[in-house]
Structure formats: C-alpha cells, structure tokens
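Enquirer: Below is the file coords26.pdb, with PDB, C-alpha atoms.
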```pdb
ATOM      1  CA  MET A   1       8.475   0.653  16.888  1.00  0.00           C
ATOM      2  CA  HIS A   2       4.758  -0.066  16.394  1.00  0.00           C
ATOM      3  CA  ILE A   3       2.973   1.661  13.545  1.00  0.00           C
ATOM      4  CA  GLU A   4      -0.457   1.849  11.990  1.00  0.00           C
ATOM      5  CA  VAL A   5      -1.070   2.095   8.242  1.00  0.00           C
ATOM      6  CA  ASP A   6      -4.080   3.805   6.723  1.00  0.00           C
ATOM      7  CA  GLN A   7      -5.268   4.500   3.189  1.00  0.00           C
ATOM      8  CA  SER A   8      -7.163   7.441   1.741  1.00  0.00           C
ATOM      9  CA  GLY A   9      -8.660   7.001  -1.697  1.00  0.00           C
ATOM     10  CA  LYS A  10      -9.344   3.359  -2.467  1.00  0.00           C
ATOM     11  CA  VAL A  11      -7.087   1.689  -5.008  1.00  0.00           C
ATOM     12  CA  GLY A  12     -10.175   0.438  -6.839  1.00  0.00           C
ATOM     13  CA  LYS A  13     -11.463   3.975  -7.392  1.00  0.00           C
ATOM     14  CA  THR A  14      -9.457   4.844 -10.468  1.00  0.00           C
ATOM     15  CA  ASN A  15     -10.852   8.368 -10.689  1.00  0.00           C
ATOM     16  CA  GLU A  16      -8.994   9.399  -7.523  1.00  0.00           C
ATOM     17  CA  ASP A  17      -5.481   9.209  -6.142  1.00  0.00           C
ATOM     18  CA  THR A  18      -4.564   6.715  -3.427  1.00  0.00           C
ATOM     19  CA  ILE A  19      -2.470   7.606  -0.387  1.00  0.00           C
ATOM     20  CA  LEU A  20      -0.935   5.074   1.972  1.00  0.00           C
ATOM     21  CA  ALA A  21       0.528   6.449   5.189  1.00  0.00           C
ATOM     22  CA  PHE A  22       2.041   5.499   8.505  1.00  0.00           C
ATOM     23  CA  SER A  23       2.727   7.755  11.421  1.00  0.00           C
ATOM     24  CA  ASN A  24       4.105   7.002  14.869  1.00  0.00           C
ATOM     25  CA  GLY A  25       6.946   9.375  15.641  1.00  0.00           C
ATOM     26  CA  LYS A  26       8.187   8.691  12.112  1.00  0.00           C
ATOM     27  CA  GLN A  27       5.963   9.435   9.149  1.00  0.00           C
ATOM     28  CA  PHE A  28       5.934   8.279   5.563  1.00  0.00           C
ATOM     29  CA  THR A  29       3.442   8.545   2.707  1.00  0.00           C
ATOM     30  CA  VAL A  30       3.123   6.950  -0.719  1.00  0.00           C
ATOM     31  CA  LEU A  31       0.969   8.329  -3.520  1.00  0.00           C
ATOM     32  CA  ILE A  32      -0.416   6.174  -6.314  1.00  0.00           C
ATOM     33  CA  PRO A  33      -1.733   8.720  -8.824  1.00  0.00           C
ATOM     34  CA  ARG A  34      -5.050   8.013 -10.531  1.00  0.00           C
ATOM     35  CA  SER A  35      -3.375   8.142 -13.956  1.00  0.00           C
ATOM     36  CA  VAL A  36      -0.915   5.431 -12.891  1.00  0.00           C
ATOM     37  CA  LYS A  37      -3.736   3.236 -11.555  1.00  0.00           C
ATOM     38  CA  GLN A  38      -5.678   3.664 -14.800  1.00  0.00           C
ATOM     39  CA  ARG A  39      -2.663   2.805 -16.968  1.00  0.00           C
ATOM     40  CA  CYS A  40      -1.795  -0.251 -14.834  1.00  0.00           C
ATOM     41  CA  LEU A  41      -5.404  -1.429 -14.966  1.00  0.00           C
ATOM     42  CA  ARG A  42      -5.500  -1.199 -18.771  1.00  0.00           C
ATOM     43  CA  GLU A  43      -2.156  -2.983 -19.181  1.00  0.00           C
ATOM     44  CA  LEU A  44      -2.862  -5.740 -16.653  1.00  0.00           C
ATOM     45  CA  ARG A  45      -6.359  -6.384 -18.009  1.00  0.00           C
ATOM     46  CA  ASN A  46      -4.784  -6.830 -21.442  1.00  0.00           C
ATOM     47  CA  GLN A  47      -2.497  -9.412 -19.835  1.00  0.00           C
ATOM     48  CA  GLY A  48      -5.523 -11.312 -18.521  1.00  0.00           C
ATOM     49  CA  TYR A  49      -5.597 -10.222 -14.869  1.00  0.00           C
ATOM     50  CA  GLU A  50      -8.974  -9.791 -13.176  1.00  0.00           C
ATOM     51  CA  PRO A  51      -9.703  -6.289 -11.816  1.00  0.00           C
ATOM     52  CA  HIS A  52     -10.084  -7.485  -8.196  1.00  0.00           C
ATOM     53  CA  THR A  53      -6.674  -9.181  -8.363  1.00  0.00           C
ATOM     54  CA  ILE A  54      -5.135  -6.048  -9.851  1.00  0.00           C
ATOM     55  CA  TYR A  55      -6.509  -3.803  -7.094  1.00  0.00           C
ATOM     56  CA  LEU A  56      -5.456  -6.184  -4.323  1.00  0.00           C
ATOM     57  CA  GLN A  57      -1.917  -6.527  -5.658  1.00  0.00           C
ATOM     58  CA  MET A  58      -1.614  -2.798  -6.351  1.00  0.00           C
ATOM     59  CA  PHE A  59      -2.608  -2.155  -2.718  1.00  0.00           C
ATOM     60  CA  VAL A  60       0.098  -4.551  -1.516  1.00  0.00           C
ATOM     61  CA  ILE A  61       2.696  -3.008  -3.834  1.00  0.00           C
ATOM     62  CA  GLY A  62       1.842   0.365  -2.320  1.00  0.00           C
ATOM     63  CA  LEU A  63       2.324  -1.141   1.163  1.00  0.00           C
ATOM     64  CA  TYR A  64       5.656  -2.577   0.067  1.00  0.00           C
ATOM     65  CA  PHE A  65       6.951   0.816  -1.044  1.00  0.00           C
ATOM     66  CA  LEU A  66       5.585   2.383   2.146  1.00  0.00           C
ATOM     67  CA  LEU A  67       7.270  -0.090   4.498  1.00  0.00           C
ATOM     68  CA  ARG A  68      10.374  -1.486   2.799  1.00  0.00           C
ATOM     69  CA  GLU A  69      12.902   1.096   4.019  1.00  0.00           C
ATOM     70  CA  HIS A  70      11.452   1.114   7.544  1.00  0.00           C
ATOM     71  CA  MET A  71      10.618  -2.556   8.171  1.00  0.00           C
ATOM     72  CA  GLN A  72      13.834  -3.410  10.029  1.00  0.00           C
ATOM     73  CA  ARG A  73      12.896  -0.875  12.737  1.00  0.00           C
ATOM     74  CA  ILE A  74       9.242  -1.911  12.928  1.00  0.00           C
ATOM     75  CA  ALA A  75       8.290  -4.488  15.548  1.00  0.00           C
ATOM     76  CA  LEU A  76       4.618  -4.497  14.558  1.00  0.00           C
ATOM     77  CA  VAL A  77       2.649  -2.910  11.733  1.00  0.00           C
ATOM     78  CA  ILE A  78      -1.137  -2.856  11.887  1.00  0.00           C
ATOM     79  CA  ILE A  79      -2.693  -2.366   8.451  1.00  0.00           C
ATOM     80  CA  ASP A  80      -6.213  -0.994   8.222  1.00  0.00           C
ATOM     81  CA  ILE A  81      -8.650  -3.613   6.996  1.00  0.00           C
ATOM     82  CA  GLU A  82      -9.308  -2.516   3.420  1.00  0.00           C
ATOM     83  CA  TYR A  83     -10.014  -5.901   1.839  1.00  0.00           C
ATOM     84  CA  GLN A  84     -12.159  -7.917   4.245  1.00  0.00           C
ATOM     85  CA  GLY A  85     -11.222 -11.609   4.164  1.00  0.00           C
ATOM     86  CA  TYR A  86      -7.971 -11.126   2.225  1.00  0.00           C
ATOM     87  CA  ASP A  87      -5.594 -10.583   5.156  1.00  0.00           C
ATOM     88  CA  VAL A  88      -3.744 -13.863   4.551  1.00  0.00           C
ATOM     89  CA  LYS A  89      -3.175 -13.093   0.846  1.00  0.00           C
ATOM     90  CA  ILE A  90      -2.107  -9.528   1.577  1.00  0.00           C
ATOM     91  CA  ARG A  91       0.365 -10.651   4.264  1.00  0.00           C
ATOM     92  CA  ARG A  92       1.797 -13.414   2.051  1.00  0.00           C
ATOM     93  CA  PHE A  93       2.287 -11.154  -0.981  1.00  0.00           C
ATOM     94  CA  LEU A  94       3.780  -8.368   1.166  1.00  0.00           C
ATOM     95  CA  LEU A  95       6.160 -10.781   2.904  1.00  0.00           C
ATOM     96  CA  ASN A  96       7.281 -12.152  -0.474  1.00  0.00           C
ATOM     97  CA  LEU A  97       8.096  -8.656  -1.742  1.00  0.00           C
ATOM     98  CA  LEU A  98       9.941  -7.649   1.439  1.00  0.00           C
ATOM     99  CA  ARG A  99      11.891 -10.924   1.715  1.00  0.00           C
ATOM    100  CA  ARG A 100      12.844 -10.768  -1.955  1.00  0.00           C
ATOM    101  CA  ASP A 101      14.703  -7.575  -1.014  1.00  0.00           C
ATOM    102  CA  GLY A 102      16.645  -9.534   1.592  1.00  0.00           C
ATOM    103  CA  LEU A 103      14.695  -8.217   4.572  1.00  0.00           C
ATOM    104  CA  ASN A 104      14.293 -10.573   7.504  1.00  0.00           C
ATOM    105  CA  VAL A 105      10.600 -10.123   8.242  1.00  0.00           C
ATOM    106  CA  ASP A 106       8.474 -12.394  10.416  1.00  0.00           C
ATOM    107  CA  LYS A 107       4.814 -12.897   9.533  1.00  0.00           C
ATOM    108  CA  ASN A 108       3.894 -11.870  13.085  1.00  0.00           C
ATOM    109  CA  GLN A 109       5.258  -8.369  12.412  1.00  0.00           C
ATOM    110  CA  ILE A 110       2.286  -7.734  10.119  1.00  0.00           C
ATOM    111  CA  GLY A 111      -1.203  -7.528  11.562  1.00  0.00           C
ATOM    112  CA  PHE A 112      -4.576  -6.137  10.557  1.00  0.00           C
ATOM    113  CA  GLY A 113      -7.145  -4.071  12.413  1.00  0.00           C
ATOM    114  CA  TYR A 114      -9.463  -1.143  12.147  1.00  0.00           C
ATOM    115  CA  ILE A 115      -7.604   2.157  12.098  1.00  0.00           C
ATOM    116  CA  GLY A 116      -9.881   4.856  13.415  1.00  0.00           C
ATOM    117  CA  LYS A 117     -10.116   8.528  12.598  1.00  0.00           C
ATOM    118  CA  ASP A 118      -8.104   9.370  15.742  1.00  0.00           C
ATOM    119  CA  SER A 119      -5.047   7.550  14.410  1.00  0.00           C
ATOM    120  CA  PRO A 120      -2.070   9.702  13.350  1.00  0.00           C
ATOM    121  CA  ALA A 121      -1.859   7.479  10.228  1.00  0.00           C
ATOM    122  CA  HIS A 122      -5.401   8.447   9.274  1.00  0.00           C
ATOM    123  CA  THR A 123      -4.702  12.125   9.855  1.00  0.00           C
ATOM    124  CA  LEU A 124      -1.570  11.977   7.698  1.00  0.00           C
ATOM    125  CA  ALA A 125      -3.267   9.968   4.928  1.00  0.00           C
ATOM    126  CA  ILE A 126      -6.283  12.249   4.666  1.00  0.00           C
ATOM    127  CA  SER A 127      -4.251  15.473   4.810  1.00  0.00           C
ATOM    128  CA  THR A 128      -1.985  14.161   2.043  1.00  0.00           C
ATOM    129  CA  TYR A 129      -5.029  13.055   0.029  1.00  0.00           C
ATOM    130  CA  ARG A 130      -6.445  16.582   0.379  1.00  0.00           C
ATOM    131  CA  LYS A 131      -3.079  17.955  -0.810  1.00  0.00           C
ATOM    132  CA  GLU A 132      -2.460  19.720   2.497  1.00  0.00           C
ATOM    133  CA  LYS A 133       0.775  17.720   2.699  1.00  0.00           C
ATOM    134  CA  VAL A 134       3.064  16.363  -0.012  1.00  0.00           C
ATOM    135  CA  ALA A 135       3.568  12.618  -0.415  1.00  0.00           C
ATOM    136  CA  ARG A 136       7.119  11.470   0.282  1.00  0.00           C
ATOM    137  CA  LEU A 137       7.076   8.955  -2.579  1.00  0.00           C
ATOM    138  CA  VAL A 138       5.051   9.042  -5.800  1.00  0.00           C
ATOM    139  CA  LEU A 139       4.794   5.676  -7.542  1.00  0.00           C
ATOM    140  CA  THR A 140       5.087   5.424 -11.304  1.00  0.00           C
ATOM    141  CA  PHE A 141       3.643   2.943 -13.775  1.00  0.00           C
ATOM    142  CA  GLU A 142       7.102   1.331 -13.991  1.00  0.00           C
ATOM    143  CA  ASP A 143       7.377   1.012 -10.182  1.00  0.00           C
ATOM    144  CA  ILE A 144       4.126  -0.911  -9.979  1.00  0.00           C
ATOM    145  CA  MET A 145       4.617  -3.066 -13.068  1.00  0.00           C
ATOM    146  CA  ARG A 146       8.124  -4.079 -11.918  1.00  0.00           C
ATOM    147  CA  GLU A 147       6.626  -5.564  -8.730  1.00  0.00           C
ATOM    148  CA  PHE A 148       3.632  -7.253 -10.374  1.00  0.00           C
TER
END
```
Is it possible to express this structure as structure tokens?
Expert:
Amino acid sequence: MHIEVDQSGKVGKTNEDTILAFSNGKQFTVLIPRSVKQRCLRELRNQGYEPHTIYLQMFVIGLYFLLREHMQRIALVIIDIEYQGYDVKIRRFLLNLLRRDGLNVDKNQIGFGYIGKDSPAHTLAISTYRKEKVARLVLTFEDIMREF
C-alpha cells in the first residue's frame, strides 16, 4: 500500500491543534491538542531544548503514532514537506522510533514530497482540523514526553 501523509495546523503554532492524517483506502488521523503542545514546549524548554528542535521532534512523534500500527502494510509513505531541508533528520528519527518497536522498516519506505489539496490525506486532515471528523488518536503530554 502507498500512502500520503498531510498535516493541518503546524506543530509550531501552539495556539492551534495539529492534525496528521493519511488516507488511501485506509484512513487514520492523529490529533496533537494545542494544550499538549504548549505544555510540552514549556517542559522541554526548561530541560534546555531549543524550540525548533522541539517542534521538529514533536512532528516526528506525531508521525510515529500515525504510522506505527500500519507500517508493516505500507510499501511507501510520502510525507508532505513541512520542514524544508530536514528530511534526513525526520526520516532518521522516525526510523529509530519505529525500529525501537521491533518493526522492520527500510529507509526507502519513507519519502517526502508536496501533498496537494487534491490528496485524500489533505482532505482528511483539513476536515478533522475543522472538527468535521473526529481524530482516531489524541496524543497526551505523556505520549509525547515518553518518546522524546
């Protein structure tokens, strides 16, 4: 199965929720509530993390929760380019999280590209962001901090 992943509501915008979604026959969505992002940001800044690093890793943790239960059936996932120039870091961190769970994932299964507005992933992400649909998984502060 080939899937595309899109995001609505940037992780770095802490005054709004973030939705990560994929859709290609199967659909799945993850919500990172604004309150969770704000709490993680405060805690991780106190631990000495830089905001850019926090946002990048929080994005990848969201991807991890989005993909982990589906990765064995996915031949190729194309992730929308959200952090220009950070594809290598995102792939490496995501692979580490997935492999830590015992998943046999090849780096070539994860690619990056522009996901347009015609993509089913975009449609699902934006409709969930607008609360027209309910997210399948809502991440908590503990979920994110456990993976940091």
Enquirer: Identify which of the residues A:Arg91, A:Lys13, A:Arg146, A:His52 lies closest to Ser35 of chain A, counting only C-alpha atoms when measuring atom-to-atom distances.
Expert: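 Closest to Ser35 of chain A of all the choices is A:Lys13.
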Enquirer: Show which residues sit within 9 Å of Phe28 of chain A, as a list of chain:residue names. Count only C-alpha atoms, and ignore same-chain residues fewer than 3 positions away.
Expert: A:Leu20, A:Ala21, A:Phe22, A:Ser23, A:Leu66, A:Leu67, A:Leu124, A:Ala135, A:Arg136, A:Leu137
Enquirer: Taking all atoms listed in the file into account, which of A:Leu103, A:Val5, A:Val88, A:Leu63 comes nearest Gln27 of chain A?
Expert: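 Of A:Leu103, A:Val5, A:Val88, A:Leu63, the one nearest Gln27 of chain A, counting all atoms listed in the file, is A:Val5.
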Enquirer: Atom CA of Phe141 of chain A and atom CA of Val105 of chain A, how far apart in Å?
Expert: 26.5 Å
Enquirer: Could I get the residues of segment 30-62 of chain A with an atom no further than 12 Å from an atom of segment 68-76 of chain A, each paired with its nearest atom pair and that distance in Å to one decimal, using all atoms listed in the file, sorted by chain and residue number, as a Markdown table?
Expert:
```
| residue | atom | partner | partner_atom | distance |
| --- | --- | --- | --- | --- |
| A:Val30 | CA | A:Arg68 | CA | 11.7 |
| A:Val60 | CA | A:Arg68 | CA | 11.6 |
| A:Ile61 | CA | A:Arg68 | CA | 10.3 |
| A:Gly62 | CA | A:Arg68 | CA | 10.1 |
```
Enquirer: Between A:Asn108, A:Cys40, A:Asp87, A:Asp118, which one has atoms that come closest to Glu142 of chain A, using all atoms listed in the file?
Expert: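 Of the candidates, the smallest distance to Glu142 of chain A is held by A:Cys40.
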Enquirer: Considering only C-alpha atoms, can you say which of A:Thr29, A:Thr140, A:Asn24, A:Thr123 comes closest to Ile3 of chain A?
Expert: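 For Ile3 of chain A, the nearest of the candidates is A:Asn24.
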